[in-house]
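Asker: My structure is stored as run06.txt, with compact mmCIF, C-alpha atoms and all ligand atoms.
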```
# COMPACT_ATOMS: atom_id res chain seq x y z
CA MET A 1 99.67 -48.91 -29.12
CA VAL A 2 102.80 -49.89 -27.22
CA VAL A 3 103.57 -47.15 -24.70
CA PHE A 4 106.93 -47.00 -22.90
CA ILE A 5 106.76 -44.95 -19.69
CA THR A 6 109.76 -44.01 -17.58
CA GLY A 7 109.06 -43.33 -13.91
CA ALA A 8 105.92 -45.47 -13.92
CA THR A 9 106.23 -46.39 -10.24
CA ALA A 10 104.84 -43.11 -8.85
CA GLY A 11 103.06 -39.86 -9.56
CA PHE A 12 102.42 -38.90 -13.19
CA GLY A 13 103.87 -42.13 -14.57
CA ARG A 14 101.61 -44.32 -12.48
CA ALA A 15 98.54 -42.29 -13.49
CA MET A 16 99.59 -42.60 -17.15
CA VAL A 17 99.90 -46.38 -16.80
CA LYS A 18 96.28 -46.53 -15.67
CA LYS A 19 95.10 -44.20 -18.40
CA TYR A 20 96.73 -46.14 -21.25
CA ILE A 21 95.86 -49.59 -19.87
CA ASN A 22 92.21 -48.53 -19.52
CA ALA A 23 92.32 -47.29 -23.11
CA GLY A 24 93.35 -50.79 -24.26
CA ASP A 25 97.04 -50.11 -24.88
CA THR A 26 100.09 -52.18 -23.91
CA VAL A 27 102.38 -50.44 -21.44
CA ILE A 28 106.06 -51.04 -20.73
CA ALA A 29 106.30 -49.64 -17.20
CA THR A 30 109.78 -48.73 -15.99
CA GLY A 31 111.35 -47.48 -12.77
CA ARG A 32 113.94 -48.50 -10.22
CA ARG A 33 111.54 -50.00 -7.65
CA LYS A 34 110.91 -53.62 -8.64
CA SER A 35 108.37 -54.15 -5.84
CA VAL A 36 106.15 -51.37 -7.25
CA LEU A 37 106.53 -52.70 -10.79
CA ASP A 38 105.41 -56.12 -9.52
CA GLU A 39 102.38 -54.46 -7.90
CA LEU A 40 101.53 -52.76 -11.19
CA ARG A 41 101.72 -56.08 -13.00
CA LEU A 42 99.34 -57.66 -10.48
CA GLU A 43 96.98 -54.70 -10.76
CA HIS A 44 96.93 -54.43 -14.55
CA GLY A 45 97.70 -57.93 -15.84
CA GLU A 46 99.53 -59.02 -18.95
CA ARG A 47 99.17 -55.79 -20.95
CA LEU A 48 101.51 -54.30 -18.36
CA TYR A 49 105.14 -55.28 -18.95
CA PRO A 50 107.32 -54.34 -15.96
CA LEU A 51 110.91 -53.35 -16.70
CA GLU A 52 113.29 -52.52 -13.87
CA LEU A 53 115.44 -49.66 -15.13
CA ASP A 54 117.64 -46.92 -13.70
CA ILE A 55 117.77 -44.47 -16.60
CA GLN A 56 121.04 -43.01 -15.32
CA ASN A 57 122.74 -46.24 -16.38
CA LYS A 58 123.50 -45.96 -20.10
CA GLU A 59 124.58 -49.59 -20.55
CA LEU A 60 121.49 -50.87 -18.73
CA VAL A 61 119.15 -48.71 -20.84
CA GLU A 62 120.75 -50.00 -24.05
CA LYS A 63 120.72 -53.63 -22.81
CA GLN A 64 117.12 -53.60 -21.56
CA LEU A 65 115.82 -51.87 -24.68
CA SER A 66 117.60 -54.19 -27.09
CA ALA A 67 116.33 -57.23 -25.13
CA LEU A 68 112.67 -56.37 -25.84
CA THR A 69 111.06 -58.96 -28.08
CA GLY A 70 107.95 -59.35 -30.27
CA ASP A 71 105.45 -56.51 -30.28
CA LEU A 72 107.15 -54.84 -27.32
CA LYS A 73 110.01 -53.82 -29.63
CA ASN A 74 107.63 -51.68 -31.65
CA ILE A 75 107.22 -48.78 -29.25
CA ASP A 76 104.64 -46.26 -30.48
CA VAL A 77 104.84 -43.78 -27.63
CA LEU A 78 107.88 -43.00 -25.49
CA ILE A 79 107.01 -40.98 -22.39
CA ASN A 80 110.19 -39.53 -20.89
CA ASN A 81 108.63 -38.83 -17.52
CA ALA A 82 111.18 -40.00 -14.92
CA GLY A 83 112.87 -37.06 -13.28
CA LEU A 84 113.42 -35.25 -10.05
CA ALA A 85 114.30 -32.08 -8.21
CA LEU A 86 116.75 -32.52 -5.35
CA GLY A 87 117.22 -29.88 -2.68
CA MET A 88 115.86 -26.35 -2.25
CA ASP A 89 119.10 -24.48 -1.59
CA SER A 90 120.46 -21.45 -3.36
CA ALA A 91 123.16 -22.32 -5.89
CA GLN A 92 125.97 -21.19 -3.59
CA LYS A 93 124.79 -23.65 -0.92
CA ALA A 94 123.69 -26.55 -3.11
CA THR A 95 125.16 -30.03 -2.98
CA LEU A 96 127.12 -31.00 -6.08
CA SER A 97 125.89 -34.61 -5.99
CA ASP A 98 122.27 -33.33 -6.09
CA TRP A 99 123.08 -31.32 -9.21
CA GLU A 100 124.76 -34.34 -10.75
CA GLN A 101 121.79 -36.62 -10.06
CA MET A 102 119.37 -34.15 -11.63
CA VAL A 103 121.56 -33.83 -14.73
CA ASP A 104 122.11 -37.61 -14.89
CA THR A 105 118.38 -38.33 -14.66
CA ASN A 106 116.49 -35.40 -16.20
CA ILE A 107 118.94 -34.83 -19.05
CA LYS A 108 121.21 -37.82 -19.60
CA GLY A 109 118.64 -40.52 -18.73
CA LEU A 110 116.10 -38.91 -21.03
CA LEU A 111 118.72 -38.84 -23.80
CA TYR A 112 119.66 -42.52 -23.30
CA CYS A 113 116.02 -43.61 -23.68
CA THR A 114 115.45 -41.32 -26.64
CA HIS A 115 118.62 -42.47 -28.39
CA ALA A 116 117.65 -46.13 -27.94
CA ILE A 117 114.04 -45.78 -29.10
CA LEU A 118 113.87 -42.97 -31.68
CA PRO A 119 115.64 -44.69 -34.65
CA GLY A 120 113.13 -47.58 -34.53
CA MET A 121 110.24 -45.11 -34.63
CA VAL A 122 111.66 -43.48 -37.74
CA GLU A 123 112.26 -46.88 -39.39
CA ARG A 124 108.72 -48.05 -38.63
CA GLY A 125 107.26 -44.75 -39.81
CA ARG A 126 105.34 -44.07 -36.61
CA GLY A 127 105.98 -42.80 -33.12
CA HIS A 128 105.47 -40.05 -30.59
CA ILE A 129 107.88 -38.83 -27.91
CA ILE A 130 106.46 -37.06 -24.89
CA ASN A 131 108.98 -35.24 -22.70
CA LEU A 132 108.09 -34.03 -19.21
CA GLY A 133 109.42 -30.51 -18.87
CA SER A 134 108.21 -28.02 -16.29
CA VAL A 135 107.23 -24.38 -15.92
CA ALA A 136 110.53 -24.29 -13.99
CA GLY A 137 112.27 -24.58 -17.37
CA GLU A 138 110.77 -21.30 -18.51
CA PHE A 139 110.31 -19.22 -15.37
CA PRO A 140 113.24 -18.88 -12.95
CA TYR A 141 112.61 -18.94 -9.20
CA PRO A 142 114.94 -18.84 -6.19
CA SER A 143 116.57 -22.22 -5.55
CA GLY A 144 115.27 -23.62 -8.83
CA ASN A 145 118.82 -23.38 -10.22
CA VAL A 146 119.84 -26.72 -11.75
CA TYR A 147 116.36 -28.29 -11.69
CA GLY A 148 114.95 -25.47 -13.81
CA ALA A 149 117.98 -25.62 -16.09
CA THR A 150 117.48 -29.34 -16.75
CA LYS A 151 113.87 -28.63 -17.73
CA ALA A 152 114.96 -25.80 -20.05
CA PHE A 153 117.12 -28.43 -21.74
CA VAL A 154 114.10 -30.72 -22.08
CA HIS A 155 112.09 -27.89 -23.67
CA GLN A 156 114.75 -27.01 -26.24
CA LEU A 157 115.61 -30.62 -27.01
CA SER A 158 111.94 -31.30 -27.75
CA LEU A 159 111.80 -28.45 -30.27
CA ASN A 160 115.12 -29.43 -31.83
CA LEU A 161 113.92 -33.03 -32.23
CA ARG A 162 110.96 -31.64 -34.17
CA ALA A 163 113.38 -29.85 -36.46
CA ASP A 164 115.32 -33.06 -37.14
CA LEU A 165 112.22 -35.20 -37.56
CA LEU A 166 110.59 -33.03 -40.19
CA GLY A 167 109.82 -35.31 -43.14
CA THR A 168 109.08 -38.27 -40.85
CA PRO A 169 105.72 -38.94 -39.19
CA VAL A 170 107.32 -39.05 -35.72
CA ARG A 171 105.86 -36.47 -33.34
CA VAL A 172 107.37 -34.77 -30.28
CA THR A 173 105.64 -32.91 -27.47
CA CYS A 174 106.92 -31.23 -24.33
CA ILE A 175 104.47 -31.14 -21.40
CA GLU A 176 105.32 -28.40 -18.89
CA PRO A 177 103.29 -28.53 -15.68
CA GLY A 178 103.31 -26.20 -12.72
CA MET A 179 102.55 -27.30 -9.15
CA CYS A 180 101.16 -30.81 -8.95
CA SER A 181 100.37 -32.53 -5.64
CA GLY A 182 99.71 -36.17 -4.77
CA THR A 183 103.01 -37.35 -6.23
CA GLU A 184 106.39 -38.01 -4.59
CA PHE A 185 107.98 -34.98 -6.26
CA SER A 186 108.18 -32.64 -3.24
CA ALA A 187 109.03 -35.41 -0.75
CA VAL A 188 111.97 -36.30 -3.02
CA ARG A 189 112.97 -32.65 -3.37
CA TYR A 190 112.92 -32.22 0.43
CA LYS A 191 114.65 -35.56 0.91
CA GLY A 192 111.87 -37.26 2.84
CA ASP A 193 110.73 -34.27 4.94
CA GLN A 194 107.00 -34.87 4.43
CA LYS A 195 106.00 -31.81 6.49
CA LYS A 196 107.91 -29.46 4.17
CA ALA A 197 106.62 -31.35 1.14
CA ASP A 198 102.98 -31.01 2.25
CA ALA A 199 103.45 -27.30 3.06
CA VAL A 200 104.17 -26.63 -0.63
CA TYR A 201 100.52 -27.34 -1.50
CA ALA A 202 98.84 -25.96 1.64
CA GLY A 203 95.78 -23.78 1.03
CA MET A 204 95.65 -24.22 -2.74
CA LYS A 205 94.33 -26.74 -5.24
CA ALA A 206 97.26 -28.03 -7.23
CA LEU A 207 97.15 -30.05 -10.45
CA SER A 208 96.82 -33.82 -10.01
CA ALA A 209 98.72 -36.67 -11.63
CA GLU A 210 95.44 -37.57 -13.37
CA ASP A 211 95.31 -34.07 -14.94
CA ILE A 212 98.74 -34.71 -16.44
CA ALA A 213 97.88 -38.25 -17.59
CA GLU A 214 94.72 -36.92 -19.22
CA THR A 215 96.71 -34.22 -21.03
CA VAL A 216 99.39 -36.64 -22.23
CA HIS A 217 96.78 -39.10 -23.45
CA TRP A 218 94.93 -36.35 -25.32
CA VAL A 219 98.16 -35.25 -27.01
CA THR A 220 98.95 -38.78 -28.19
CA THR A 221 95.47 -39.39 -29.56
CA ARG A 222 95.32 -36.39 -31.94
CA PRO A 223 95.16 -37.30 -35.63
CA PRO A 224 98.55 -38.06 -37.24
CA HIS A 225 98.79 -34.67 -39.00
CA VAL A 226 98.60 -32.77 -35.69
CA ASN A 227 101.73 -32.20 -33.59
CA ILE A 228 101.25 -30.43 -30.27
CA ASN A 229 104.66 -28.84 -29.68
CA VAL A 230 104.39 -27.65 -26.09
CA ILE A 231 101.71 -27.60 -23.41
CA SER A 232 102.25 -25.41 -20.35
CA LEU A 233 99.64 -25.94 -17.64
CA MET A 234 99.29 -24.60 -14.13
CA PRO A 235 96.79 -24.69 -11.29
CA THR A 236 94.44 -21.74 -11.46
CA GLN A 237 95.77 -20.78 -8.04
CA GLN A 238 99.38 -20.43 -9.30
CA ALA A 239 100.71 -17.57 -11.47
CA PHE A 240 103.76 -15.36 -12.03
CA GLY A 241 105.34 -12.78 -9.71
CA SER A 242 107.13 -9.51 -10.24
CA PHE A 243 110.91 -9.13 -10.70
CA ALA A 244 112.85 -9.19 -7.43
CA VAL A 245 114.94 -6.10 -6.57
CA ASN A 246 117.71 -5.82 -4.00
CA ARG A 247 117.29 -2.25 -2.64
CA THR A 248 120.24 -0.95 -0.66
P1 LIG A 301 107.46 -38.58 -8.63
O1 LIG A 301 108.63 -38.34 -7.72
O2 LIG A 301 106.15 -38.91 -8.03
O3 LIG A 301 107.83 -39.75 -9.66
C1 LIG A 301 109.08 -39.76 -10.29
C2 LIG A 301 109.28 -41.07 -11.01
O4 LIG A 301 110.57 -41.07 -11.62
C3 LIG A 301 109.23 -42.28 -10.09
O5 LIG A 301 108.46 -43.29 -10.70
C4 LIG A 301 110.68 -42.73 -9.98
O6 LIG A 301 110.70 -44.12 -9.87
C5 LIG A 301 111.23 -42.27 -11.33
N1 LIG A 301 112.67 -42.09 -11.33
C6 LIG A 301 113.41 -41.18 -10.65
N2 LIG A 301 114.70 -41.35 -10.89
C7 LIG A 301 114.79 -42.40 -11.76
C8 LIG A 301 115.88 -43.07 -12.37
N3 LIG A 301 117.15 -42.72 -12.16
N4 LIG A 301 115.62 -44.09 -13.21
C9 LIG A 301 114.34 -44.46 -13.44
N5 LIG A 301 113.28 -43.88 -12.88
C10 LIG A 301 113.51 -42.86 -12.03
O7 LIG A 301 107.38 -37.29 -9.56
P2 LIG A 301 106.21 -36.70 -10.50
O8 LIG A 301 105.35 -37.79 -10.97
O9 LIG A 301 105.60 -35.56 -9.77
O10 LIG A 301 107.06 -36.08 -11.68
C11 LIG A 301 107.25 -36.75 -12.91
C12 LIG A 301 107.99 -35.82 -13.86
O11 LIG A 301 107.27 -34.60 -14.00
C13 LIG A 301 109.39 -35.43 -13.40
O12 LIG A 301 110.21 -35.36 -14.54
C14 LIG A 301 109.19 -34.05 -12.79
O13 LIG A 301 110.35 -33.27 -12.85
C15 LIG A 301 108.10 -33.49 -13.68
N6 LIG A 301 107.28 -32.46 -13.09
C16 LIG A 301 106.66 -32.62 -11.87
C17 LIG A 301 105.87 -31.61 -11.35
C18 LIG A 301 105.22 -31.70 -10.02
O14 LIG A 301 104.85 -30.64 -9.46
N7 LIG A 301 104.99 -32.88 -9.46
C19 LIG A 301 105.62 -30.38 -12.12
C20 LIG A 301 106.34 -30.30 -13.36
C21 LIG A 301 107.11 -31.31 -13.83
P3 LIG A 301 111.73 -44.99 -9.01
O15 LIG A 301 112.01 -44.23 -7.75
O16 LIG A 301 111.03 -46.29 -8.79
O17 LIG A 301 112.90 -45.14 -9.90
C1 LIG A 302 107.85 -28.85 -10.76
C2 LIG A 302 107.05 -27.59 -10.68
O1 LIG A 302 106.97 -25.25 -9.74
O2 LIG A 302 107.90 -27.00 -8.33
O3 LIG A 302 108.55 -28.91 -11.94
O4 LIG A 302 109.16 -26.19 -10.19
S1 LIG A 302 107.82 -26.47 -9.70
```
Please express what this file holds, its structure, as structure tokens.
Answerer:
Amino acid sequence: MVVFITGATAGFGRAMVKKYINAGDTVIATGRRKSVLDELRLEHGERLYPLELDIQNKELVEKQLSALTGDLKNIDVLINNAGLALGMDSAQKATLSDWEQMVDTNIKGLLYCTHAILPGMVERGRGHIINLGSVAGEFPYPSGNVYGATKAFVHQLSLNLRADLLGTPVRVTCIEPGMCSGTEFSAVRYKGDQKKADAVYAGMKALSAEDIAETVHWVTTRPPHVNINVISLMPTQQAFGSFAVNRT
């Protein structure tokens, strides 16, 4: 299979690269950090095709995707994984540029990649799109505001793609994890404050990037007649709380 992974330079994406390469697949690994992509190429060899890509840039996504040649054009699996949370402020205190970057990456970037790759999947009569949502797209929490909303978009888009793709063999799955440590997610959210980032996972065993890679790989290796719509997964040590009440 040819597997196209956004956000392959860290966290889930990097673990997925390893999983698919070890399974014998060809991986197009994308991200903004060229130095990390070069490292990945050295580590994994010629079945790893590095592609420097900022998914917020519509023209660049279209250009890079249309420049793929040979077998690399025939993408079997698109993993829309790149994404981020920025800031942990309540909505009334949040920074507008943080909101914009989350929308531009988690929503618009995902759409640019999907728009560029999906028609070819339908034409070739095979393909699978994996979208990385989050439990934050289903369950609201304080300061989750725009991040959670972008992931709610990812959830609904995934289901709506299924509706449009009925009658084609192309499959769509939304993977919605809870807390996952060992990635750059919280350091990015806290803008480099590693102490705050580490505190998020203190005293509990979170999911790992390998857990997510394993899940994604399992989803994409089901027989062609099976479409897993949504998988929501959490650490055993994470669950739901009660409604908040402001008593006066
Ligand atoms: P990381 O921060 O470790 O990795 C994010 C990846 O996205 C990096 O490879 C980064 O690469 C890439 N990326 C960010 N912005 C862009 C951009 N504009 N263009 C291209 N690539 C970009 O995060 P995780 O691995 O933890 O998270 C992966 C996905 O899973 C995200 O969508 C996240 O929202 C979601 N998720 C994470 C959870 C968690 O607890 N960790 C839980 C639930 C969902 P580079 O900087 O090189 O561009
Ligand atoms: C990341 C999981 O719980 O930090 O999407 O929102 S959470």
Asker: Do a neighbour search on range 35-45 of chain A at 10 Å with all atoms listed in the file, toss out local chain neighbours closer than 4 positions, and write the hits as a VMD selection string.
Answerer: chain A and resid 8 to 10 14 17 to 18 21 to 22 27 29 to 31 49 to 52
Asker: For range 16-97 of chain A versus range 221-230 of chain A, which residues have an atom no more than 12 Å away, and what is each residue's nearest atom pair and distance in Å rounded to one decimal, using only C-alpha atoms, chain-then-number order, as CSV?
Answerer:
```
residue,atom,partner,partner_atom,distance
A:Tyr20,CA,A:Thr221,CA,10.8
A:Ala23,CA,A:Thr221,CA,10.7
A:Asp25,CA,A:Thr221,CA,11.8
A:Asp76,CA,A:Thr221,CA,11.5
A:Val77,CA,A:Thr221,CA,10.5
```
Asker: To one decimal in Å, tell me the separation between CA of Ala136 in chain A and CA of Ala15 in chain A.
Answerer: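 Separation between CA of Ala136 in chain A and CA of Ala15 in chain A: 21.6 Å.
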Asker: Ranking A:Ile107, A:Phe139, A:Tyr147, A:Thr26 by minimum distance to Phe240 in chain A and counting all atoms listed in the file, which one comes first?
Answerer: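 Closest to Phe240 in chain A of all the choices is A:Phe139.
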Asker: List the spatial neighbours of range 111-128 of chain A as a VMD selection string - criterion: any atom at most 7 Å away, only C-alpha atoms, same-chain residues fewer than 3 positions off excluded.
Answerer: chain A and resid 58 61 to 62 65 76 to 78 107 to 108 168 to 172
Asker: With distances taken over all atoms listed in the file, which of A:Ile55, A:Ala149, A:Ala91, A:Leu166 is nearest to ligand LIG 302 (chain A)?
Answerer: A:Ala149
Asker: Please, which residues have at least one atom within 10 Å of an atom of ligand LIG 302 (chain A), using only C-alpha atoms and all ligand atoms, listed as a PDB file with C-alpha atoms, in the frame of the given file?
Answerer:
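pocket_14.pdb, written as the output of this step:
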```pdb
ATOM      1  CA  GLY A  83     112.870 -37.060 -13.280  1.00  0.00           C
ATOM      2  CA  LEU A  84     113.420 -35.250 -10.050  1.00  0.00           C
ATOM      3  CA  ALA A  85     114.300 -32.080  -8.210  1.00  0.00           C
ATOM      4  CA  LEU A 132     108.090 -34.030 -19.210  1.00  0.00           C
ATOM      5  CA  GLY A 133     109.420 -30.510 -18.870  1.00  0.00           C
ATOM      6  CA  SER A 134     108.210 -28.020 -16.290  1.00  0.00           C
ATOM      7  CA  VAL A 135     107.230 -24.380 -15.920  1.00  0.00           C
ATOM      8  CA  ALA A 136     110.530 -24.290 -13.990  1.00  0.00           C
ATOM      9  CA  GLY A 137     112.270 -24.580 -17.370  1.00  0.00           C
ATOM     10  CA  GLU A 138     110.770 -21.300 -18.510  1.00  0.00           C
ATOM     11  CA  PHE A 139     110.310 -19.220 -15.370  1.00  0.00           C
ATOM     12  CA  PRO A 140     113.240 -18.880 -12.950  1.00  0.00           C
ATOM     13  CA  TYR A 141     112.610 -18.940  -9.200  1.00  0.00           C
ATOM     14  CA  SER A 143     116.570 -22.220  -5.550  1.00  0.00           C
ATOM     15  CA  GLY A 144     115.270 -23.620  -8.830  1.00  0.00           C
ATOM     16  CA  TYR A 147     116.360 -28.290 -11.690  1.00  0.00           C
ATOM     17  CA  GLY A 148     114.950 -25.470 -13.810  1.00  0.00           C
ATOM     18  CA  LYS A 151     113.870 -28.630 -17.730  1.00  0.00           C
ATOM     19  CA  GLU A 176     105.320 -28.400 -18.890  1.00  0.00           C
ATOM     20  CA  PRO A 177     103.290 -28.530 -15.680  1.00  0.00           C
ATOM     21  CA  GLY A 178     103.310 -26.200 -12.720  1.00  0.00           C
ATOM     22  CA  MET A 179     102.550 -27.300  -9.150  1.00  0.00           C
ATOM     23  CA  CYS A 180     101.160 -30.810  -8.950  1.00  0.00           C
ATOM     24  CA  SER A 181     100.370 -32.530  -5.640  1.00  0.00           C
ATOM     25  CA  PHE A 185     107.980 -34.980  -6.260  1.00  0.00           C
ATOM     26  CA  SER A 186     108.180 -32.640  -3.240  1.00  0.00           C
ATOM     27  CA  ARG A 189     112.970 -32.650  -3.370  1.00  0.00           C
ATOM     28  CA  VAL A 200     104.170 -26.630  -0.630  1.00  0.00           C
ATOM     29  CA  MET A 234      99.290 -24.600 -14.130  1.00  0.00           C
ATOM     30  CA  GLN A 238      99.380 -20.430  -9.300  1.00  0.00           C
TER      31      GLN A 238
END
```
Asker: Could you put an axis-aligned box around every listed atom of ligand LIG 301 (chain A), padded by 5 Å on each side, and send me its centre and edge lengths in Å to one decimal, as lines of an AutoDock Vina configuration file?
Answerer:
```
center_x = 111.0
center_y = -38.3
center_z = -11.1
size_x = 22.3
size_y = 26.0
size_z = 16.8
```
Asker: Need the shell around Phe12 in chain A: protein/DNA/RNA residues with any atom at most 7 Å away, counting only C-alpha atoms. Skip same-chain ones fewer than 4 positions apart. Format as a PyMOL selection string?
Answerer: chain A and resi 16+209+212-213
Asker: Between A:Ala163, A:Met1, A:Ile130, A:Ile175, which residue has the minimum interatomic distance to ligand LIG 301 (chain A), considering all atoms listed in the file?
Answerer: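 Of A:Ala163, A:Met1, A:Ile130, A:Ile175, the one nearest ligand LIG 301 (chain A), counting all atoms listed in the file, is A:Ile175.
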Asker: As an exercise, work out the distance from CA of Thr183 in chain A to atom P1 of ligand LIG 301 (chain A) in Å and give it to one decimal place.
Answerer: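 For CA of Thr183 in chain A relative to atom P1 of ligand LIG 301 (chain A), the distance reads 5.2 Å.
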Asker: Any idea what's packed within 10 Å of Thr95 in chain A, counting all atoms listed in the file, ignoring anything in its chain fewer than 6 positions away? Could you give it as a PDB file with C-alpha atoms, in the frame of the given file?
Answerer:
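Resulting contents of result_15.pdb:
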```pdb
ATOM      1  CA  LEU A  86     116.750 -32.520  -5.350  1.00  0.00           C
ATOM      2  CA  GLY A  87     117.220 -29.880  -2.680  1.00  0.00           C
ATOM      3  CA  ASP A  89     119.100 -24.480  -1.590  1.00  0.00           C
TER       4      ASP A  89
END
```
Asker: When you count only C-alpha atoms, which of these residues is closest to Leu110 in chain A: A:Tyr201, A:Phe153, A:Tyr190, A:Phe243?
Answerer: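 Nearest candidate to Leu110 in chain A out of A:Tyr201, A:Phe153, A:Tyr190, A:Phe243: A:Phe153.
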Asker: Let me make sure I understand: among A:Gly70, A:Gly192, A:Pro142, A:Gly24, which one has the smallest atom-to-atom distance to ligand LIG 301 (chain A) if we use all atoms listed in the file?
Answerer: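 With all atoms listed in the file as the atom set, the closest residue is A:Gly192.
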Asker: Leaving out Thr6 in chain A and any residue of its chain fewer than 6 positions from it, which residues lie within 6 Å of it when counting all atoms listed in the file, given as a list in words?
Answerer: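 Neighbouring residues, sequence-local ones excluded: Thr30, Asn80, Asn81 and Ala82 of chain A.
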Asker: Could you tell me which of A:Leu53, A:Cys174, A:Ile79, A:Ile231 comes closest to ligand LIG 301 (chain A) if we count all atoms listed in the file?
Answerer: A:Leu53
Asker: Rounded to one decimal place, report the CA of Phe4 in chain A-CA of Ile75 in chain A distance in Å.
Answerer: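 According to the coordinates, CA of Phe4 in chain A and CA of Ile75 in chain A are separated by 6.6 Å.
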